[in-house]
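Okay, structure first, notes after.
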Amino acid sequence: MIRIEFQLELHYEIDAQGADFVFNVHAAQTPRQTVSGEQLSLSQPVATLIHTDPFTGSRHLRLRAAPGPLHLSYAATVDLVHHIADPQQLPEVPVCRLPPEVIGYLYPSRYCQSDRLGRLAIGTFGGMRQGYARVQAIRDWVQSHVTFLSNTSNANTSATDTLVDRAGVCRDFAHLMIALCRALSIPARFVSGTDFGADPALGPPDFHAYVEVYLGDRWYLFDPSGTAIPMGLMRLGTGRDAADVAFATIFGSVRSEAPFIRTHAVVDPARGLWLPQPDGRALSTDGGFGAAPPT
C-alpha cells in the first residue's frame, strides 16, 4: 500500500464585491484511494458546500468569500491500493461494449480537439496492434515530440497548440495524449494530482496532470510528461480535460499567490507501506466496472 500525506495552502485577496469559489482540492474517494484523515481550515467564517461526483469521486468545495484576505489550508492522509495488471493482457474495448459512463470520454472537448487529429493518429498509430501497447506508444510519442518547458503555455493552450509548438507543461502533454487516444476511439480522461517524485530542478512541488485510459474493465494511469511517478499519484479531480478539474474556479475580482504544496510518502515496511516507485506494469486506482473493492 502507498500512503501519501498531502498539505496545501492557498492565499487570496478579494476585492470589495466579494467572490465565489469552487475548489477541487480535496483528495478524491475511490474504491482504491481512501482518505483516512483530513482537515480543512478557512480564514473566513463562511458557509461551505461539498459535492461529490458519484462516478469519479471528485469533491468540489463551494463557498462565497467576503472582501479581504482568504486563506485555505487542507491536509489529508491518503491510502492507495493499486490494481496491478499485465499490460499484455489489457485490450482496447470496442465502442459498442463500453459502459455508458465511459462514452463521454470519447468525444472532443475544449482542450482535446480529437476531431482535428484523426489523420495524424491513424497515420501514426492506426496500424499498431490494439491494446495497452498502442496506448503506451501514444504516450511515448507525445513525450518524445514535446519538450517540457515552464512558461511556454497558458490557460488557453490546447492539444493542437501543443502539437504545433512542441513544448509545454504537464497539462499540455496530457491534453495531446488524450486527444490522440480519442481520435482512435480509445476513451481517455484528465486526472489532476500532485507531482510526487518530480525532479526538484523543475521547481517546488506543484499540481500535476496525468492521463487515464480505459482498457479492459477499468481506467489505467499514464504520465505523458514523464516528470512524476504514477504510483505516487494522489487523485484530486477527474474530467474531460483541465477545464473540469481546476483546483480553483473563481467568480469575482481576486488576487492570488502561488499555491504551497507538500507531499510525503510514509514508508514503513512492517505495516506494508512502501515508497512509490517507477513500475512497468499497468496501474489503476479506479475500482473498475463490476470489480470488487480491495480487501
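Ordering of the C-alpha cells sets the chain letters (A, B, ...), residue numbers begin anew at 1 in every chain, and ligands are numbered from 1 in the order given.
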Range 193-207 of chain A environment, 9 Å, only C-alpha atoms, sequence neighbours closer than 6 positions dropped, as an MDAnalysis selection string: chainID A and resid 6 27 150 226:237 247 259:265 276:277
Quick one: residues within 10 Å of Glu38 in chain A, only C-alpha atoms counted, chain neighbours fewer than 5 positions away excluded, as a ChimeraX atom specification? /A:5-7,26-27,74-78
Since we have the selection now, will you write its residues out, keeping C-alpha atoms, as an mmCIF file, in the first residue's frame?
data_model
loop_
_atom_site.group_PDB
_atom_site.id
_atom_site.type_symbol
_atom_site.label_atom_id
_atom_site.label_comp_id
_atom_site.auth_asym_id
_atom_site.auth_seq_id
_atom_site.Cartn_x
_atom_site.Cartn_y
_atom_site.Cartn_z
ATOM 1 C CA GLU A 5 0.470 12.801 3.344
ATOM 2 C CA PHE A 6 -0.673 15.896 1.478
ATOM 3 C CA GLN A 7 -0.638 19.542 2.546
ATOM 4 C CA HIS A 26 -9.960 17.540 -1.563
ATOM 5 C CA ALA A 27 -8.460 14.117 -2.205
ATOM 6 C CA TYR A 74 -6.052 21.481 3.579
ATOM 7 C CA ALA A 75 -4.248 18.380 4.835
ATOM 8 C CA ALA A 76 -5.036 14.734 4.188
ATOM 9 C CA THR A 77 -3.638 11.255 4.664
ATOM 10 C CA VAL A 78 -4.435 9.173 1.605
#
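Here CA of Ser41 in chain A stands at a distance of 10.5 Å from CA of Leu8 in chain A.
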Measure the distance from CA of Pro224 in chain A to CA of Phe55 in chain A in Å and round it to one decimal.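 Spanning CA of Pro224 in chain A to CA of Phe55 in chain A is a straight-line distance of 24.0 Å.
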Residue nearest His11 in chain A among A:Ala174, A:Cys112, A:Leu275, A:Val254 (counting only C-alpha atoms): A:Val254
Once DSSP has gone over the backbone, tell me which residues of range 114-172 of chain A are in alpha helix (DSSP H), as an mmCIF file with all heavy atoms, in the first residue's frame.
data_model
loop_
_atom_site.group_PDB
_atom_site.id
_atom_site.type_symbol
_atom_site.label_atom_id
_atom_site.label_comp_id
_atom_site.auth_asym_id
_atom_site.auth_seq_id
_atom_site.Cartn_x
_atom_site.Cartn_y
_atom_site.Cartn_z
ATOM 1 N N GLY A 118 -7.450 13.195 -36.266
ATOM 2 C CA GLY A 118 -7.697 11.844 -36.767
ATOM 3 C C GLY A 118 -6.658 11.378 -37.776
ATOM 4 O O GLY A 118 -6.176 10.235 -37.707
ATOM 5 N N ARG A 119 -6.312 12.240 -38.720
ATOM 6 C CA ARG A 119 -5.347 11.824 -39.751
ATOM 7 C C ARG A 119 -3.988 11.496 -39.132
ATOM 8 O O ARG A 119 -3.366 10.480 -39.479
ATOM 9 C CB ARG A 119 -5.197 12.923 -40.795
ATOM 10 C CG ARG A 119 -4.263 12.561 -41.950
ATOM 11 C CD ARG A 119 -4.221 13.656 -42.994
ATOM 12 N NE ARG A 119 -5.546 13.868 -43.579
ATOM 13 C CZ ARG A 119 -5.808 14.809 -44.491
ATOM 14 N NH1 ARG A 119 -4.829 15.612 -44.912
ATOM 15 N NH2 ARG A 119 -7.015 14.934 -44.981
ATOM 16 N N LEU A 120 -3.527 12.337 -38.213
ATOM 17 C CA LEU A 120 -2.254 12.077 -37.543
ATOM 18 C C LEU A 120 -2.315 10.786 -36.737
ATOM 19 O O LEU A 120 -1.409 9.946 -36.797
ATOM 20 C CB LEU A 120 -1.890 13.245 -36.625
ATOM 21 C CG LEU A 120 -0.687 13.023 -35.692
ATOM 22 C CD1 LEU A 120 0.592 12.835 -36.492
ATOM 23 C CD2 LEU A 120 -0.548 14.200 -34.717
ATOM 24 N N ALA A 121 -3.386 10.610 -35.954
ATOM 25 C CA ALA A 121 -3.491 9.447 -35.084
ATOM 26 C C ALA A 121 -3.544 8.153 -35.890
ATOM 27 O O ALA A 121 -2.844 7.178 -35.578
ATOM 28 C CB ALA A 121 -4.728 9.572 -34.199
ATOM 29 N N ILE A 122 -4.351 8.138 -36.943
ATOM 30 C CA ILE A 122 -4.484 6.924 -37.741
ATOM 31 C C ILE A 122 -3.204 6.643 -38.518
ATOM 32 O O ILE A 122 -2.730 5.500 -38.607
ATOM 33 C CB ILE A 122 -5.692 7.039 -38.683
ATOM 34 C CG1 ILE A 122 -6.993 7.074 -37.857
ATOM 35 C CG2 ILE A 122 -5.729 5.872 -39.676
ATOM 36 C CD1 ILE A 122 -8.218 7.399 -38.666
ATOM 37 N N GLY A 123 -2.584 7.704 -39.061
ATOM 38 C CA GLY A 123 -1.356 7.511 -39.816
ATOM 39 C C GLY A 123 -0.200 7.039 -38.969
ATOM 40 O O GLY A 123 0.657 6.281 -39.435
ATOM 41 N N THR A 124 -0.157 7.465 -37.712
ATOM 42 C CA THR A 124 0.964 7.114 -36.832
ATOM 43 C C THR A 124 0.725 5.838 -36.044
ATOM 44 O O THR A 124 1.649 5.022 -35.867
ATOM 45 C CB THR A 124 1.239 8.275 -35.851
ATOM 46 O OG1 THR A 124 1.387 9.490 -36.581
ATOM 47 C CG2 THR A 124 2.502 8.014 -35.043
ATOM 48 N N PHE A 125 -0.504 5.626 -35.579
ATOM 49 C CA PHE A 125 -0.775 4.516 -34.671
ATOM 50 C C PHE A 125 -1.823 3.529 -35.187
ATOM 51 O O PHE A 125 -2.050 2.495 -34.572
ATOM 52 C CB PHE A 125 -1.263 5.059 -33.312
ATOM 53 C CG PHE A 125 -0.364 6.117 -32.731
ATOM 54 C CD1 PHE A 125 -0.749 7.456 -32.743
ATOM 55 C CD2 PHE A 125 0.866 5.789 -32.193
ATOM 56 C CE1 PHE A 125 0.071 8.448 -32.223
ATOM 57 C CE2 PHE A 125 1.696 6.766 -31.660
ATOM 58 C CZ PHE A 125 1.300 8.099 -31.684
ATOM 59 N N TYR A 132 -2.955 -2.162 -24.685
ATOM 60 C CA TYR A 132 -2.132 -1.310 -23.820
ATOM 61 C C TYR A 132 -0.883 -0.828 -24.546
ATOM 62 O O TYR A 132 -0.472 0.333 -24.410
ATOM 63 C CB TYR A 132 -1.756 -2.085 -22.560
ATOM 64 C CG TYR A 132 -1.053 -1.266 -21.496
ATOM 65 C CD1 TYR A 132 -1.753 -0.752 -20.404
ATOM 66 C CD2 TYR A 132 0.320 -1.014 -21.560
ATOM 67 C CE1 TYR A 132 -1.110 -0.014 -19.419
ATOM 68 C CE2 TYR A 132 0.977 -0.265 -20.579
ATOM 69 C CZ TYR A 132 0.254 0.222 -19.518
ATOM 70 O OH TYR A 132 0.897 0.972 -18.541
ATOM 71 N N ALA A 133 -0.260 -1.720 -25.344
ATOM 72 C CA ALA A 133 0.990 -1.358 -26.018
ATOM 73 C C ALA A 133 0.780 -0.186 -26.969
ATOM 74 O O ALA A 133 1.659 0.671 -27.116
ATOM 75 C CB ALA A 133 1.557 -2.569 -26.767
ATOM 76 N N ARG A 134 -0.363 -0.114 -27.635
ATOM 77 C CA ARG A 134 -0.621 1.010 -28.546
ATOM 78 C C ARG A 134 -0.791 2.304 -27.752
ATOM 79 O O ARG A 134 -0.293 3.357 -28.158
ATOM 80 C CB ARG A 134 -1.852 0.744 -29.413
ATOM 81 C CG ARG A 134 -2.107 1.882 -30.384
ATOM 82 C CD ARG A 134 -2.964 1.517 -31.552
ATOM 83 N NE ARG A 134 -4.380 1.375 -31.246
ATOM 84 C CZ ARG A 134 -5.345 1.620 -32.142
ATOM 85 N NH1 ARG A 134 -5.039 1.997 -33.379
ATOM 86 N NH2 ARG A 134 -6.608 1.461 -31.814
ATOM 87 N N VAL A 135 -1.477 2.228 -26.627
ATOM 88 C CA VAL A 135 -1.629 3.413 -25.789
ATOM 89 C C VAL A 135 -0.267 3.854 -25.251
ATOM 90 O O VAL A 135 0.047 5.056 -25.219
ATOM 91 C CB VAL A 135 -2.611 3.130 -24.639
ATOM 92 C CG1 VAL A 135 -2.682 4.326 -23.693
ATOM 93 C CG2 VAL A 135 -3.993 2.804 -25.186
ATOM 94 N N GLN A 136 0.571 2.899 -24.856
ATOM 95 C CA GLN A 136 1.910 3.244 -24.395
ATOM 96 C C GLN A 136 2.714 3.899 -25.514
ATOM 97 O O GLN A 136 3.488 4.839 -25.280
ATOM 98 C CB GLN A 136 2.636 1.989 -23.907
ATOM 99 C CG GLN A 136 4.023 2.229 -23.327
ATOM 100 C CD GLN A 136 3.998 3.025 -22.036
ATOM 101 O OE1 GLN A 136 3.083 2.866 -21.217
ATOM 102 N NE2 GLN A 136 4.973 3.899 -21.844
ATOM 103 N N ALA A 137 2.523 3.436 -26.757
ATOM 104 C CA ALA A 137 3.212 4.045 -27.895
ATOM 105 C C ALA A 137 2.768 5.491 -28.092
ATOM 106 O O ALA A 137 3.583 6.360 -28.445
ATOM 107 C CB ALA A 137 2.953 3.230 -29.162
ATOM 108 N N ILE A 138 1.490 5.777 -27.859
ATOM 109 C CA ILE A 138 0.997 7.157 -27.938
ATOM 110 C C ILE A 138 1.660 8.000 -26.856
ATOM 111 O O ILE A 138 2.134 9.117 -27.110
ATOM 112 C CB ILE A 138 -0.533 7.196 -27.805
ATOM 113 C CG1 ILE A 138 -1.189 6.449 -28.969
ATOM 114 C CG2 ILE A 138 -1.036 8.638 -27.723
ATOM 115 C CD1 ILE A 138 -2.683 6.249 -28.808
ATOM 116 N N ARG A 139 1.711 7.468 -25.642
ATOM 117 C CA ARG A 139 2.374 8.180 -24.545
ATOM 118 C C ARG A 139 3.830 8.475 -24.888
ATOM 119 O O ARG A 139 4.325 9.594 -24.700
ATOM 120 C CB ARG A 139 2.300 7.355 -23.265
ATOM 121 C CG ARG A 139 2.735 8.110 -22.006
ATOM 122 C CD ARG A 139 3.411 7.193 -21.013
ATOM 123 N NE ARG A 139 4.786 6.950 -21.419
ATOM 124 C CZ ARG A 139 5.838 7.574 -20.894
ATOM 125 N NH1 ARG A 139 5.683 8.476 -19.947
ATOM 126 N NH2 ARG A 139 7.065 7.309 -21.309
ATOM 127 N N ASP A 140 4.545 7.465 -25.402
ATOM 128 C CA ASP A 140 5.961 7.643 -25.733
ATOM 129 C C ASP A 140 6.144 8.662 -26.861
ATOM 130 O O ASP A 140 7.094 9.448 -26.853
ATOM 131 C CB ASP A 140 6.571 6.300 -26.135
ATOM 132 C CG ASP A 140 6.631 5.308 -24.976
ATOM 133 O OD1 ASP A 140 6.461 5.734 -23.819
ATOM 134 O OD2 ASP A 140 6.827 4.105 -25.239
ATOM 135 N N TRP A 141 5.228 8.651 -27.832
ATOM 136 C CA TRP A 141 5.315 9.598 -28.953
ATOM 137 C C TRP A 141 5.155 11.024 -28.452
ATOM 138 O O TRP A 141 5.904 11.921 -28.845
ATOM 139 C CB TRP A 141 4.242 9.263 -29.988
ATOM 140 C CG TRP A 141 4.346 10.043 -31.261
ATOM 141 C CD1 TRP A 141 4.987 9.674 -32.407
ATOM 142 C CD2 TRP A 141 3.777 11.347 -31.519
ATOM 143 N NE1 TRP A 141 4.859 10.655 -33.364
ATOM 144 C CE2 TRP A 141 4.129 11.695 -32.847
ATOM 145 C CE3 TRP A 141 3.022 12.237 -30.767
ATOM 146 C CZ2 TRP A 141 3.736 12.894 -33.434
ATOM 147 C CZ3 TRP A 141 2.638 13.445 -31.337
ATOM 148 C CH2 TRP A 141 2.999 13.758 -32.653
ATOM 149 N N VAL A 142 4.178 11.242 -27.578
ATOM 150 C CA VAL A 142 3.963 12.581 -27.032
ATOM 151 C C VAL A 142 5.194 13.030 -26.250
ATOM 152 O O VAL A 142 5.675 14.171 -26.406
ATOM 153 C CB VAL A 142 2.704 12.606 -26.141
ATOM 154 C CG1 VAL A 142 2.593 13.933 -25.382
ATOM 155 C CG2 VAL A 142 1.458 12.365 -26.983
ATOM 156 N N GLN A 143 5.732 12.139 -25.423
ATOM 157 C CA GLN A 143 6.883 12.526 -24.610
ATOM 158 C C GLN A 143 8.105 12.845 -25.477
ATOM 159 O O GLN A 143 8.885 13.755 -25.156
ATOM 160 C CB GLN A 143 7.236 11.413 -23.621
ATOM 161 C CG GLN A 143 8.298 11.826 -22.611
ATOM 162 C CD GLN A 143 8.543 10.775 -21.560
ATOM 163 O OE1 GLN A 143 8.114 9.635 -21.690
ATOM 164 N NE2 GLN A 143 9.238 11.154 -20.506
ATOM 165 N N SER A 144 8.275 12.126 -26.578
ATOM 166 C CA SER A 144 9.449 12.347 -27.428
ATOM 167 C C SER A 144 9.289 13.525 -28.384
ATOM 168 O O SER A 144 10.280 14.060 -28.891
ATOM 169 C CB SER A 144 9.761 11.074 -28.227
ATOM 170 O OG SER A 144 8.711 10.771 -29.144
ATOM 171 N N HIS A 145 8.049 13.957 -28.653
ATOM 172 C CA HIS A 145 7.819 15.045 -29.600
ATOM 173 C C HIS A 145 7.508 16.385 -28.936
ATOM 174 O O HIS A 145 7.377 17.398 -29.632
ATOM 175 C CB HIS A 145 6.678 14.685 -30.560
ATOM 176 C CG HIS A 145 7.067 13.688 -31.603
ATOM 177 N ND1 HIS A 145 7.226 12.348 -31.334
ATOM 178 C CD2 HIS A 145 7.362 13.841 -32.925
ATOM 179 C CE1 HIS A 145 7.579 11.713 -32.442
ATOM 180 N NE2 HIS A 145 7.668 12.587 -33.418
ATOM 181 N N ALA A 159 -4.556 21.002 -27.176
ATOM 182 C CA ALA A 159 -3.759 19.915 -27.744
ATOM 183 C C ALA A 159 -3.191 20.289 -29.103
ATOM 184 O O ALA A 159 -2.031 19.988 -29.413
ATOM 185 C CB ALA A 159 -4.610 18.654 -27.846
ATOM 186 N N THR A 160 -3.998 20.939 -29.928
ATOM 187 C CA THR A 160 -3.496 21.309 -31.252
ATOM 188 C C THR A 160 -2.414 22.382 -31.158
ATOM 189 O O THR A 160 -1.467 22.380 -31.955
ATOM 190 C CB THR A 160 -4.645 21.787 -32.154
ATOM 191 O OG1 THR A 160 -5.356 22.846 -31.503
ATOM 192 C CG2 THR A 160 -5.611 20.645 -32.452
ATOM 193 N N ASP A 161 -2.530 23.290 -30.196
ATOM 194 C CA ASP A 161 -1.465 24.273 -29.982
ATOM 195 C C ASP A 161 -0.166 23.579 -29.590
ATOM 196 O O ASP A 161 0.917 23.924 -30.084
ATOM 197 C CB ASP A 161 -1.855 25.262 -28.881
ATOM 198 C CG ASP A 161 -3.069 26.103 -29.226
ATOM 199 O OD1 ASP A 161 -3.213 26.466 -30.406
ATOM 200 O OD2 ASP A 161 -3.869 26.372 -28.322
ATOM 201 N N THR A 162 -0.262 22.619 -28.690
ATOM 202 C CA THR A 162 0.928 21.900 -28.244
ATOM 203 C C THR A 162 1.560 21.121 -29.389
ATOM 204 O O THR A 162 2.794 21.031 -29.492
ATOM 205 C CB THR A 162 0.561 20.951 -27.088
ATOM 206 O OG1 THR A 162 0.004 21.714 -26.012
ATOM 207 C CG2 THR A 162 1.778 20.188 -26.589
ATOM 208 N N LEU A 163 0.721 20.564 -30.250
ATOM 209 C CA LEU A 163 1.244 19.835 -31.402
ATOM 210 C C LEU A 163 2.061 20.760 -32.305
ATOM 211 O O LEU A 163 3.082 20.342 -32.868
ATOM 212 C CB LEU A 163 0.089 19.218 -32.182
ATOM 213 C CG LEU A 163 0.448 18.293 -33.339
ATOM 214 C CD1 LEU A 163 1.227 17.089 -32.844
ATOM 215 C CD2 LEU A 163 -0.815 17.856 -34.075
ATOM 216 N N VAL A 164 1.650 22.002 -32.437
ATOM 217 C CA VAL A 164 2.377 22.972 -33.257
ATOM 218 C C VAL A 164 3.626 23.478 -32.538
ATOM 219 O O VAL A 164 4.719 23.530 -33.113
ATOM 220 C CB VAL A 164 1.461 24.156 -33.622
ATOM 221 C CG1 VAL A 164 2.261 25.265 -34.309
ATOM 222 C CG2 VAL A 164 0.328 23.688 -34.528
ATOM 223 N N ASP A 165 3.476 23.834 -31.256
ATOM 224 C CA ASP A 165 4.574 24.448 -30.514
ATOM 225 C C ASP A 165 5.635 23.443 -30.076
ATOM 226 O O ASP A 165 6.793 23.813 -29.871
ATOM 227 C CB ASP A 165 4.036 25.177 -29.282
ATOM 228 C CG ASP A 165 3.105 26.330 -29.650
ATOM 229 O OD1 ASP A 165 3.207 26.823 -30.790
ATOM 230 O OD2 ASP A 165 2.282 26.716 -28.792
ATOM 231 N N CYS A 170 2.916 19.850 -17.946
ATOM 232 C CA CYS A 170 2.261 18.544 -17.819
ATOM 233 C C CYS A 170 0.846 18.531 -18.389
ATOM 234 O O CYS A 170 0.439 17.554 -19.038
ATOM 235 C CB CYS A 170 2.261 18.093 -16.363
ATOM 236 S SG CYS A 170 1.457 19.240 -15.203
ATOM 237 N N ARG A 171 0.084 19.599 -18.190
ATOM 238 C CA ARG A 171 -1.294 19.598 -18.698
ATOM 239 C C ARG A 171 -1.322 19.556 -20.219
ATOM 240 O O ARG A 171 -2.234 18.983 -20.812
ATOM 241 C CB ARG A 171 -2.095 20.796 -18.185
ATOM 242 C CG ARG A 171 -1.560 22.138 -18.536
ATOM 243 C CD ARG A 171 -2.527 23.262 -18.210
ATOM 244 N NE ARG A 171 -3.346 23.586 -19.366
ATOM 245 C CZ ARG A 171 -4.497 24.236 -19.292
ATOM 246 N NH1 ARG A 171 -4.985 24.589 -18.126
ATOM 247 N NH2 ARG A 171 -5.168 24.516 -20.390
ATOM 248 N N ASP A 172 -0.308 20.163 -20.858
ATOM 249 C CA ASP A 172 -0.252 20.163 -22.317
ATOM 250 C C ASP A 172 0.068 18.770 -22.853
ATOM 251 O O ASP A 172 -0.523 18.331 -23.844
ATOM 252 C CB ASP A 172 0.785 21.173 -22.793
ATOM 253 C CG ASP A 172 0.533 22.566 -22.240
ATOM 254 O OD1 ASP A 172 -0.621 23.034 -22.344
ATOM 255 O OD2 ASP A 172 1.465 23.171 -21.683
#
Interatomic distance (Å, one decimal) between CA of Pro278 in chain A and CA of Trp219 in chain A: 18.2 Å
Name all residues at most 8 Å from Ile50 in chain A (count only C-alpha atoms; drop same-chain ones fewer than 3 positions away) and give them as a list in words. Arg59, His60, Leu61 and Arg62 of chain A
Nearest to Ala183 in chain A: which of A:Pro67, A:Pro108, A:Pro100, A:Gly272 is it, counting only C-alpha atoms? A:Pro108
Which of range 17-55 of chain A end up as strand (DSSP E) when DSSP is run on this backbone - answer as a PyMOL selection string? chain A and resi 19-23+33-42+48-52
